[in-house]
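Since the structure comes first, as structure tokens, the remarks are kept for the end.
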Number of protein chains: 2
Amino acid sequence: MEDTIRRTTTDAVYETLLDEIVSLKILPGTKVSETEIARRFGVSRQPVRNAFTRLGNKDLLLIRPQKATEVRGFSMDRIALARLVRLSVEVEITRHAVMRWNSDCNAELEDNIALQEQAIQAGDLAKFHALDYDFHRSICTLSDNPMAFEVILDCKQKVDRLCMLSLTNDIEAKSVLKDHRGIAEGLASGDLEKALNTTRKHLSRLDQTINFIHDTHPGYFE
Amino acid sequence: MEDTIRRTTTDAVYETLLDEIVSLKILPGTKVSETEIARRFGVSRQPVRNAFTRLGNKDLLLIRPQKATEVRGFSMDRIALARLVRLSVEVEITRHAVMRWNSDCNAELEDNIALQEQAIQAGDLAKFHALDYDFHRSICTLSDNPMAFEVILDCKQKVDRLCMLSLTNDIEAKSVLKDHRGIAEGLASGDLEKALNTTRKHLSRLDQTINFIHDTHPGYFE
DNA sequence: ATGGTAAAACTGGTATCCAAGTTTTGTCAA
DNA sequence: TTGACAAAACTTGGATACCAGTTTTACCAT
């Protein structure tokens, strides 16, 4: 009973465009035409239309009938909402996690943190970001809410798209690592307040970056 | 510059099907065919396909290539996630609200609660549910997070679809009203813990109902 | 009854065509 | 040169027909 969903042409178009938009290879405000994209991928308009619809549902495309479709700009409101939702879920998850924490959980998080340290020392920022990713996913699964990470990821993507405009340095990475240590310590010692406070500080770390980008790239906002 | 988005045929099909699925006029597991729906609405397959895609994105339809499309059953996991997200956001919103609470906020909530009381005494459950709706939206707007209500609403809809299988009585409504009073009192007196605890109790009120439905209607679950 | 095969049904994709709206372009007049 | 206006060239939304690949169904022979 392998109910593996087949990958369709629509999926391919969708995933490629999603990556290009999120990674800012296509900038906000850029007009995208169904026929143009269809030519580029060598497919008909149909799968492109489907992909556009999906991207429109994700607020990444602004589709206006009889007018051009364009890549949506950033919205401070939508970004604030995404951050609020992520913070809310992450806080609640942490609350669940501290209640069912045990030595195995500890080991998993410690392993991850050790790898983060190695990645920073090696200067491998890509690896570090992947581990950052895993760190938060681990907390979700260890708190018995694995699906919650999808929500967090969805929120994270919206913010990440904005933060692509800012270069990340390893000083920042070290601060992030310190936060992760604090959260892990809070969970390990059953200190809920410490875990929560660190989580809040951790997720508010982007405040300055976002405001900076808003000031320096006002054209990308709607 | 009236940028009012035009209503398309796709929108009409989507909204009608959405209502029919959410209100359980179409039961989970029911197979829906593009051509059949197209005939029913007197339109071509095109807008139906678009509508199907949207409903699939909302996890309401299960579309498998080359297989029949069917209305998705309930999933305890997805419902648990929706409830977790709603609780998380509602808790965080309450935290924001209590910080900026003032007499105007109080008045708005008190007005709403008074109307709830009237609706219950008049036995008008539909009105009461609408006011319940407004109560939670008010807290969002008063906490300066108006868009957060869209997230809450999205979560609420997923759970509501399940709860359509259970008849609501007015004893339940009275409990809900009591919760609302508790939340309002907590906010008014600046007692964050009271507001939070009542919110958690309020949102966990459906536990029994959901488990009951899961036991009595196992066929609607996937 | 059972097994196998053929027909029917379903979605995904392609190809045209048209409708309705918007934007660009071009022409002509002042 | 500049302005106004009309035509052409875009855009998406929808309708229709068709094919491919898969799954389901139905029927028939054993």
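Here's how to read the names in the structure tokens: chain A, B, ... by the order shown, residue numbers from 1 in each chain, ligand numbers from 1 in the order shown.
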
Write out as a VMD selection string every residue belonging to chain B that has an atom at most 10 Å from any atom of chain C, counting only C-alpha atoms (C1' of nucleotides).
chain B and resid 33 to 35 49 63 to 69

Just-selected residues, C-alpha atoms written as a compact mmCIF listing (two decimals), in the first residue's frame:
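Output saved as part06.txt:
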# COMPACT_ATOMS: atom_id res chain seq x y z
CA SER B 33 -15.17 14.07 -9.66
CA GLU B 34 -14.04 17.12 -11.59
CA THR B 35 -16.38 16.41 -14.48
CA ARG B 49 -9.66 22.03 -11.07
CA ILE B 63 -6.08 14.61 -4.59
CA ARG B 64 -4.06 11.69 -5.84
CA PRO B 65 -3.01 11.67 -9.49
CA GLN B 66 -4.96 9.23 -11.60
CA LYS B 67 -7.11 8.31 -8.63
CA ALA B 68 -10.45 9.65 -7.58
CA THR B 69 -10.39 12.82 -5.51

If the cut-off is 7 Å, can you tell me the residues of chain B near chain A, counting only C-alpha atoms? I'd like them as an MDAnalysis selection string.
chainID B and resid 5:6 64:65 81 85 88:89 92 147:148

What's around Thr94 (chain B) at 9 Å? Count only C-alpha atoms (C1' of nucleotides), leave out sequence neighbours fewer than 3 positions away in its own chain, and write the answer as a list in words.
Val89, Glu90, Val91, Ala97, Val98, Met99, Ile139, Cys140, Ser143, Ile183, Leu187, Leu192, Ala195, Leu196 and Thr199 of chain B

Specify as JSON, numbers by chain all residues of chain D found within 10 Å of chain B, counting only C-alpha atoms (C1' of nucleotides).
{"D": [13, 14, 15, 16, 21, 22, 23, 24]}

Just how far from CA of Asp154 (chain A) is CA of Tyr220 (chain A), in Å to one decimal?
20.4 Å

Looking only at the backbone, which of the residues in region 59-127 of chain B does DSSP tag as helix (DSSP H, G or I), as a ChimeraX atom specification?
/B:76-99,103-121,125-127

Keeping C-alpha atoms, export the residues of the selection given above as a PDB file, in the first residue's frame.
ATOM      1  CA  MET B  76      -6.568  13.517  15.063  1.00  0.00           C
ATOM      2  CA  ASP B  77      -3.030  14.694  14.404  1.00  0.00           C
ATOM      3  CA  ARG B  78      -4.096  17.622  12.241  1.00  0.00           C
ATOM      4  CA  ILE B  79      -6.841  18.560  14.669  1.00  0.00           C
ATOM      5  CA  ALA B  80      -4.436  18.397  17.590  1.00  0.00           C
ATOM      6  CA  LEU B  81      -2.069  20.642  15.661  1.00  0.00           C
ATOM      7  CA  ALA B  82      -4.783  23.147  14.841  1.00  0.00           C
ATOM      8  CA  ARG B  83      -5.770  23.254  18.492  1.00  0.00           C
ATOM      9  CA  LEU B  84      -2.179  23.631  19.610  1.00  0.00           C
ATOM     10  CA  VAL B  85      -1.572  26.528  17.245  1.00  0.00           C
ATOM     11  CA  ARG B  86      -4.760  28.253  18.270  1.00  0.00           C
ATOM     12  CA  LEU B  87      -4.056  27.834  21.962  1.00  0.00           C
ATOM     13  CA  SER B  88      -0.491  29.057  21.531  1.00  0.00           C
ATOM     14  CA  VAL B  89      -1.530  32.165  19.655  1.00  0.00           C
ATOM     15  CA  GLU B  90      -4.460  32.898  21.923  1.00  0.00           C
ATOM     16  CA  VAL B  91      -2.224  32.634  25.001  1.00  0.00           C
ATOM     17  CA  GLU B  92       0.388  34.930  23.526  1.00  0.00           C
ATOM     18  CA  ILE B  93      -2.275  37.385  22.403  1.00  0.00           C
ATOM     19  CA  THR B  94      -3.683  37.466  25.904  1.00  0.00           C
ATOM     20  CA  ARG B  95      -0.219  38.203  27.216  1.00  0.00           C
ATOM     21  CA  HIS B  96      -0.041  41.204  24.867  1.00  0.00           C
ATOM     22  CA  ALA B  97      -3.567  42.270  25.681  1.00  0.00           C
ATOM     23  CA  VAL B  98      -3.126  42.455  29.427  1.00  0.00           C
ATOM     24  CA  MET B  99      -0.217  44.844  28.930  1.00  0.00           C
ATOM     25  CA  SER B 103     -11.184  51.053  30.173  1.00  0.00           C
ATOM     26  CA  ASP B 104     -12.166  51.251  26.497  1.00  0.00           C
ATOM     27  CA  CYS B 105     -11.070  47.671  25.996  1.00  0.00           C
ATOM     28  CA  ASN B 106     -13.075  46.726  29.019  1.00  0.00           C
ATOM     29  CA  ALA B 107     -16.189  48.400  27.682  1.00  0.00           C
ATOM     30  CA  GLU B 108     -15.949  46.613  24.349  1.00  0.00           C
ATOM     31  CA  LEU B 109     -15.641  43.217  25.941  1.00  0.00           C
ATOM     32  CA  GLU B 110     -18.375  43.907  28.475  1.00  0.00           C
ATOM     33  CA  ASP B 111     -20.764  44.945  25.727  1.00  0.00           C
ATOM     34  CA  ASN B 112     -20.055  41.744  23.885  1.00  0.00           C
ATOM     35  CA  ILE B 113     -20.564  39.634  26.999  1.00  0.00           C
ATOM     36  CA  ALA B 114     -23.868  41.347  27.732  1.00  0.00           C
ATOM     37  CA  LEU B 115     -25.064  40.466  24.244  1.00  0.00           C
ATOM     38  CA  GLN B 116     -23.928  36.886  24.760  1.00  0.00           C
ATOM     39  CA  GLU B 117     -26.075  36.700  27.848  1.00  0.00           C
ATOM     40  CA  GLN B 118     -29.071  38.031  25.967  1.00  0.00           C
ATOM     41  CA  ALA B 119     -28.534  35.543  23.159  1.00  0.00           C
ATOM     42  CA  ILE B 120     -28.458  32.635  25.600  1.00  0.00           C
ATOM     43  CA  GLN B 121     -31.607  33.813  27.373  1.00  0.00           C
ATOM     44  CA  LEU B 125     -27.482  29.779  19.642  1.00  0.00           C
ATOM     45  CA  ALA B 126     -26.503  31.044  16.197  1.00  0.00           C
ATOM     46  CA  LYS B 127     -26.284  34.562  17.544  1.00  0.00           C
TER      47      LYS B 127
END

Would you mind reading off the distance between CA of Leu162 (chain A) and CA of Val22 (chain A), one decimal, in Å?
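Distance reported for this atom pair: 8.3 Å.
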
From region 38-183 of chain A, collect each residue whose DSSP state is strand (DSSP E or B) and return the set as a ChimeraX atom specification.
/A:61-62,69-71,74
